[in-house]
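*Asks:* Here you go, one structure.
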Amino acid sequence: MSEYYQENGNGHYVPLTVRQLPALRTNGDITPRDLTPREGEDPPSYLYKPKKRSKKKKKKKKKDKMEEEEKSAQQLQRRIDYVLSFKKEDSDYDSDDEKEFEQKKKKKMLRKKFHSAIKGERLQVREEELGENVFLLIHAPFARLCEEAEDIKLEMPLKGAEIKKEEITGCCAGIERRLITDNEVDYVSAPFMMHKRSIYKGIDESTTFFSPSLRSYLVHSILLNIDVKDSEESADVKDGDSLRKQGLPFMLMKKAFTEAFILHEESPYEYMDEEEVEQLRAESVMRGDFDPKQDPREEMQRTWCRWFKYQPLWKIRNYFGEKISFYFAWAGCLASMLWVPMLLGLAIWGYGLFLSTIEYKDRKTEQETAEREHQELIDEIEENITLYNRTEDKDLLANITSPEYTDSFVTSLADFGLEMLRVFQDSFDSDVTPYFALVICLWGTIFQELWKRKAAKLAYEWDVDDYEDTEPDRPEFYGTKERPDPVNDLPDWYYPFYRQFLKFATSFSILIFMVMLVIASALGVIVYRVIVGLLLQNSSSVEQILFTSLASSLLNTFSIMIFGKIYEYIAYKLTDWENHRTQSAYENALIIKLFAFQFVNSYSSLFYIAFFRSLTTEQGIFNLGPDYADGCGDTGNCMSMLSLQVFTLMIFKPFPKFFKDIILPWIKKQIRKCRKGNKIVDEAMSKKDRYYFLLKEHQKPPVGNFTLAEYTEKIIMYGFLMLFSCANPVAPLIALLVLLIDIRIDAGRLLWFNQRPVSLIAGNIGMWFTILDFLNFAGVVTNSFLIAFTAEWGRTKPLTQKLWIIIGFEHIVFAVKIFIAAVIPDVPKEIMLASRRERYQVSQAIDNAENQEPLSCKEVGSPMRPLVSPFQGFNYFFLTQDTKHENKYPPDDEEDDLGESLNYGTNKDLYPLAPLKEEKPSQDISPRSLLGEAEGSPEKAAGSESDHVPKLIYDKDGNTYMEDTPRMKKRKKKKKPKSPPPLNIPSDEQPIYTVSTHPNPPPYGFNIFNENAAARPTYNDPAYPPDYSNV
């Protein structure tokens, strides 16, 4: 023990023995250390009674206790709920460029401020430096998750409120049971409330109450709503950054952090070769020992990625959230509904192919007959010349014969290909295609109504039917004016409508400008095709195909892709600039912009072929003359050309997405494997430990705005189906195949190939449903005009009859659509009844529940992963009691390295976290080091009057802790806790005081422990604990 000095009241200094403090104990998180008694005396009896035991037994007990503490320390694991990363080079100031130096310094200060804000939110942060990146592993304690769940009104299941599922009955019940993949149990749910938490299912198990996806979502919400903006600086500087909330999106925008992602659940199948994976899966199926709770990704792999199984929508929702789950539910519903029009379309196309084949045979027969008659005429003329040798016969023979030449194989093959292409084109246009268009228009309404019913059922089961009403403001939203809230009369910041209207008008003007550019590009491609076709009219058919049709198609495709990427970037910037209040409003505005542009970009060429191309036959394009006509071939059948164009676009449009999502990331992955990187990275990746897992998750490509990209692609395909249904009867087949393949591809890449997205909440598919309604309406109008003016069934009729066809078709279809929408209710009757019953049950449960006290220390404790597990715990980081780093806490100097300030826990009830690597020599934990003083004599350690003299602070149990120690800083409370009940302390034993004081005599002559004091303080004394704030 080290000696410290205090004044004994007579002007002399006597040694004071300071003992090591007892550690705080919170939910088993921290291994306790007993008080060490003074040398030569027994521990005080009011703490514990020593028992007389032999030294051998004492040693054995001490050894067992050390083993128990070591085992407890090994179990301190925290789940990694969120990961932030930044480049290691951003923390180095070694740069000759002054601009780069200032940028790095600014990024570093933003990271430091953001970390302080995270600390204020009581999140725990662990920094790990690996290769070229620095990772910040974030964990949220259970109490903080509960607070955030209450703030966002998260629906949680009630205890004992299981909803029984209806049993499957009917003739196909056995088949349907084999196809079902969801076995989750549904519960009545209610918004989470801390003071009524006893009514929720599993609230006693803090490790499982919030699922991993919900934990990450809650942490994501916390990070989004953090604001590190300096109010004083914002008042002085009025710019965009000073007005908006500076949370996680702001940090990513300013490149303070390069990435923000969450980790997948650990799966041993991810680290094996494909052959090993298939072998292991087969063995697991044979043994039947697979536990889906241990490996949710492998469970979805065995159900979601199978072709002959229903989608496990509940499992998708529990792992990826409602927003992604609603997309896959909608795509699955569309695929299920496409079977009927697909079969009908195949039948109609087969009938058209039969008629086209007959026409081809008739043309062949006529051509052979004409060639035979032509040859007979030549033979007759040659015979006359032989008999009569007349000059007139010789001239006639020269006129009807042409120089003999032999066609090449390529030319013959091209001619045969053109003949087959014509047969294929003509097969789409027949007398029955108008009826198919009528069926498709009505089918679109039926699909919409059935989807509304399914979406209402899913929203009820997933407890998100009221999500839109309780949606919070976007963190990026900022208000410029204040008004009283109409509900609670509190001040509410808002953005004036007139300013937002001006921004909407500007965005609309830019959209119109981009649409005009797309139309100009399409016209440019048309002009190119016409001019090149005129120049190559005497060339072979192969050259004409290559330089006219093929080249123009490639130019059109490239222009669509380039303009699409440019406008997508502009649309995001414009939507950010419009300053929408909620995330739903933001996404709806973005969807409208992107779809309006994609509508013109994807369908403009089809509308030109359908309605305007035939008008250029007489005057040519831009009235340049008949030579510049862009007609529809020799037959003038534009319907065939339209059918071929729709067929080609539906087949090849998904290929760029497939290349971007699958092929390009796979190529990058192979390049990364072949490239020699940092030795630390290679060494870590070769070990297949937690560092390998973290690196692999970081190297996976992010999914980005997954639902936006997928909805856009599928809605455009749905537009091909609805707008031009009579032009392509096989469109339902193509759409069905694309959906089935794309669902499995997306499932595989979400599970194994991409980073795990945040499980965002959504109540439905949002604005996309309105767009589907628009396409259904536009499909009726478009198909009526196609039937009247373009299809074979109506293009030969007079104009008056064409107009009557349009009016009759539209009115009949719209009337039937309105009738179908009125007959089919939007919400199933059983769902409406269940919702009413659930509201009653929730109100009864809340009213009957008793109010709960604030979370105690035991409940505040963070969840731990049990050691009994076949997995390695890669989703966790460890909190071991490493005495080497026990005292490290963030330095106050802002210029210190950021890495030193990020290695520590931020929960007030926990110890600081031990850093991954030892960059600095370990510190001593002796009392002198805890006090921050060097060992030595009082003269050597003497200080000045300006030296800080710590004060005593008492916790709620009456223990005294030193303020200067990191553990005391974590334990300090804002409010003084209630005093505990009095203890029976024997009069002959002095209470133990553990002090934080300088080892040298205090210069001001104040004695904290005066042996001549009138009375010793007691725990039930109103003056206890004493106030040493002026010391």
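By convention here, the chains of the structure tokens are called A, B, ... in the order presented, each chain's residues are numbered starting at 1, and ligands are numbered starting at 1 in the order presented.
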Taking the backbone alone, and naming residues the way the document does, which bits of region 197-342 of chain A are alpha helix (DSSP H) by DSSP, as a count of residues only?

*Replies:* 79

*Asks:* Name all residues at most 8 Å from Leu786 (chain A) (count only C-alpha atoms; drop same-chain ones fewer than 3 positions away) and give them as a PDB file with N, CA and C atoms, in the first residue's frame.

*Replies:*
ATOM      1  N   ALA A 610     -45.921   3.621 -82.972  1.00  0.00           N
ATOM      2  CA  ALA A 610     -47.338   3.266 -82.964  1.00  0.00           C
ATOM      3  C   ALA A 610     -48.207   4.297 -83.664  1.00  0.00           C
ATOM      4  N   PHE A 611     -47.906   5.584 -83.514  1.00  0.00           N
ATOM      5  CA  PHE A 611     -48.865   6.600 -83.944  1.00  0.00           C
ATOM      6  C   PHE A 611     -48.309   7.629 -84.927  1.00  0.00           C
ATOM      7  N   CYS A 726     -51.932  -5.173 -76.541  1.00  0.00           N
ATOM      8  CA  CYS A 726     -52.413  -5.750 -77.790  1.00  0.00           C
ATOM      9  C   CYS A 726     -51.294  -5.912 -78.817  1.00  0.00           C
ATOM     10  N   THR A 782     -54.374   4.018 -74.434  1.00  0.00           N
ATOM     11  CA  THR A 782     -53.375   3.639 -75.444  1.00  0.00           C
ATOM     12  C   THR A 782     -53.848   2.449 -76.264  1.00  0.00           C
ATOM     13  N   ASN A 783     -54.392   1.434 -75.616  1.00  0.00           N
ATOM     14  CA  ASN A 783     -54.831   0.245 -76.343  1.00  0.00           C
ATOM     15  C   ASN A 783     -56.030   0.540 -77.243  1.00  0.00           C
ATOM     16  N   PHE A 789     -56.218   2.476 -84.835  1.00  0.00           N
ATOM     17  CA  PHE A 789     -55.368   3.082 -85.872  1.00  0.00           C
ATOM     18  C   PHE A 789     -54.182   2.215 -86.291  1.00  0.00           C
ATOM     19  N   THR A 790     -53.694   1.308 -85.449  1.00  0.00           N
ATOM     20  CA  THR A 790     -52.453   0.595 -85.758  1.00  0.00           C
ATOM     21  C   THR A 790     -52.669  -0.882 -86.024  1.00  0.00           C
ATOM     22  N   ALA A 791     -53.563  -1.517 -85.290  1.00  0.00           N
ATOM     23  CA  ALA A 791     -53.760  -2.956 -85.433  1.00  0.00           C
ATOM     24  C   ALA A 791     -54.453  -3.286 -86.751  1.00  0.00           C
TER      25      ALA A 791
END

*Asks:* Name the residues in contact with region 95-104 of chain A at a cut-off of 12 Å, using only C-alpha atoms, excluding same-chain residues fewer than 5 positions from it; report them as a tab-separated table (two decimals) with C-alpha atoms, in the first residue's frame.

*Replies:*
chain	number	residue	atom	x	y	z
A	86	PHE	CA	-13.40	6.26	-42.35
A	87	LYS	CA	-10.06	6.16	-44.10
A	88	LYS	CA	-7.01	5.89	-41.92
A	89	GLU	CA	-5.28	8.54	-43.99
A	90	ASP	CA	-7.95	11.07	-42.98
A	109	MET	CA	-13.22	17.79	-35.84
A	110	LEU	CA	-16.58	16.64	-37.23
A	111	ARG	CA	-15.80	13.07	-36.17
A	254	LYS	CA	-18.99	15.79	-45.70
A	255	LYS	CA	-16.94	12.55	-45.96
A	256	ALA	CA	-16.18	12.60	-42.24
A	257	PHE	CA	-17.28	8.97	-42.40
A	898	LEU	CA	-9.32	11.12	-32.63

*Asks:* Check the DSSP output for the backbone and give back, as a list in words, the residues of region 375-586 of chain A in strand (DSSP E).

*Replies:* Lys481, Glu482, Arg483, Pro484, Pro491, Asp492, Trp493 and Tyr494 of chain A

*Asks:* Could you produce a table of the residues of region 257-303 of chain A lying within 10 Å of region 215-218 of chain A, with the nearest pair of atoms per residue and their separation in Å rounded to one decimal, using only C-alpha atoms, ordered by chain and increasing residue number, as CSV?

*Replies:*
residue,atom,partner,partner_atom,distance
A:Phe261,CA,A:Ser216,CA,9.4
A:Ile262,CA,A:Ser216,CA,7.0
A:Leu263,CA,A:Ser216,CA,9.1

*Asks:* Write the selection just made, keeping all heavy atoms, as a PDB file, in the first residue's frame?

*Replies:*
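New file selection.pdb:
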ATOM      1  N   PHE A 261     -22.890   1.129 -42.178  1.00  0.00           N
ATOM      2  CA  PHE A 261     -23.548  -0.125 -42.533  1.00  0.00           C
ATOM      3  C   PHE A 261     -23.757  -0.954 -41.279  1.00  0.00           C
ATOM      4  O   PHE A 261     -23.258  -0.624 -40.190  1.00  0.00           O
ATOM      5  CB  PHE A 261     -22.728  -0.912 -43.566  1.00  0.00           C
ATOM      6  CG  PHE A 261     -21.357  -1.314 -43.099  1.00  0.00           C
ATOM      7  CD1 PHE A 261     -21.110  -2.571 -42.577  1.00  0.00           C
ATOM      8  CD2 PHE A 261     -20.291  -0.430 -43.197  1.00  0.00           C
ATOM      9  CE1 PHE A 261     -19.854  -2.935 -42.153  1.00  0.00           C
ATOM     10  CE2 PHE A 261     -19.027  -0.782 -42.781  1.00  0.00           C
ATOM     11  CZ  PHE A 261     -18.805  -2.035 -42.258  1.00  0.00           C
ATOM     12  N   ILE A 262     -24.535  -2.027 -41.428  1.00  0.00           N
ATOM     13  CA  ILE A 262     -24.760  -2.961 -40.333  1.00  0.00           C
ATOM     14  C   ILE A 262     -24.306  -4.342 -40.792  1.00  0.00           C
ATOM     15  O   ILE A 262     -24.185  -4.611 -42.000  1.00  0.00           O
ATOM     16  CB  ILE A 262     -26.237  -2.978 -39.898  1.00  0.00           C
ATOM     17  CG1 ILE A 262     -27.140  -3.405 -41.050  1.00  0.00           C
ATOM     18  CG2 ILE A 262     -26.654  -1.641 -39.364  1.00  0.00           C
ATOM     19  CD1 ILE A 262     -28.604  -3.495 -40.657  1.00  0.00           C
ATOM     20  N   LEU A 263     -24.066  -5.204 -39.846  1.00  0.00           N
ATOM     21  CA  LEU A 263     -23.498  -6.516 -40.129  1.00  0.00           C
ATOM     22  C   LEU A 263     -24.586  -7.553 -40.324  1.00  0.00           C
ATOM     23  O   LEU A 263     -25.631  -7.526 -39.658  1.00  0.00           O
ATOM     24  CB  LEU A 263     -22.577  -6.954 -38.985  1.00  0.00           C
ATOM     25  CG  LEU A 263     -21.402  -6.029 -38.671  1.00  0.00           C
ATOM     26  CD1 LEU A 263     -20.618  -6.577 -37.489  1.00  0.00           C
ATOM     27  CD2 LEU A 263     -20.499  -5.849 -39.868  1.00  0.00           C
TER      28      LEU A 263
END

*Asks:* Which residue is closest to Glu278 (chain A)? Choose from A:Leu214, A:Glu127, A:Glu298, A:Lys361 and count only C-alpha atoms.

*Replies:*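 Smallest distance to Glu278 (chain A) is found for A:Glu298.
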
*Asks:* Choose the residue, out of A:Val781, A:Ser539, A:Lys593, A:Leu750, that has the smallest atom-to-atom separation from Thr411 (chain A); count only C-alpha atoms.

*Replies:*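 Closest residue, counting only C-alpha atoms: A:Ser539.
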
*Asks:* Report the distance between CA of Gly794 (chain A) and CA of Cys638 (chain A) in Å, rounded to one decimal place.

*Replies:*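 Distance reported for this atom pair: 12.7 Å.
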